[in-house]
Amino acid sequence: MHKDTISSSVEKMCPDLRPSLRVFFSLFIIQCMSFTHASYGQNFEDLLNELSSNADQLESELPEQKKTIDHPPPFSTEITSPPEEDAFAPEKNIVTNGVTLQGLDKQTARVFIIDANVGQSIEFGTLKMMVHHCEKAPLDDRQESMAFVTITEEKQNTPPQKLFSGWMFASSPALSALDHPIYDVWVKECKNVNQKPKK
């Protein structure tokens, strides 16, 4: 076995290896080959040729790998537009054209259910009420209705007195309650009603 041939094969397989390490590696191969030959009688010329051909194959593949690294695939700069609707965005409330109010006469302890259209004038005792806007939550498990209500009181021989103007919430009647010694009024539900066609 020729030492120069082994050194040449090592140089092809490990071109970046330092000369001192290359010599050590060559000597190591010679020792291993001698041991293998003594034990198994293997043909070292065939083994050396196989190592040399593998080194040539590695050298032929290196330029292709370097070319791939030097010229990576082009990066797409196309900006994709976001989806029109966000799947996690909260749903909007449903605006309705009708409302159900609940009134209490404290003197008689009677409860009244009042159904009306949005924008319709409603009379309850000496009170005159109007719901200007009504909407409800879209979720069935969260029954929340809210309405913007104005309430005035009209007594005989006295000018109308504005008692309330603001939002009322069905789930929290005490949050925006009417302060009156006789009557209590709160929103029970916002709903859509079939309006009769005008004749």
# chains A, B, ... in the order shown; residues from 1 in each chain; ligands from 1

$ residues_around --residues "A:Lys188" --least-positions-apart "3" --cutoff "6 Å" --atoms "only C-alpha atoms" --output "list of chain:residue names"
A:Thr100, A:Leu101, A:Ala170

$ residues_around --residues "A:His180" --least-positions-apart "5" --cutoff "10 Å" --atoms "only C-alpha atoms" --output "PyMOL selection string"
chain A and resi 106+153+163-164+185

$ closest_residue --among "A:Ile151, A:Met146, A:Val131, A:Ala109" --to "A:Cys190" --atoms "only C-alpha atoms"
A:Met146

$ closest_residue --among "A:Val193, A:Leu175, A:Val187, A:Leu104" --to "A:Asn117" --atoms "only C-alpha atoms"
A:Val193
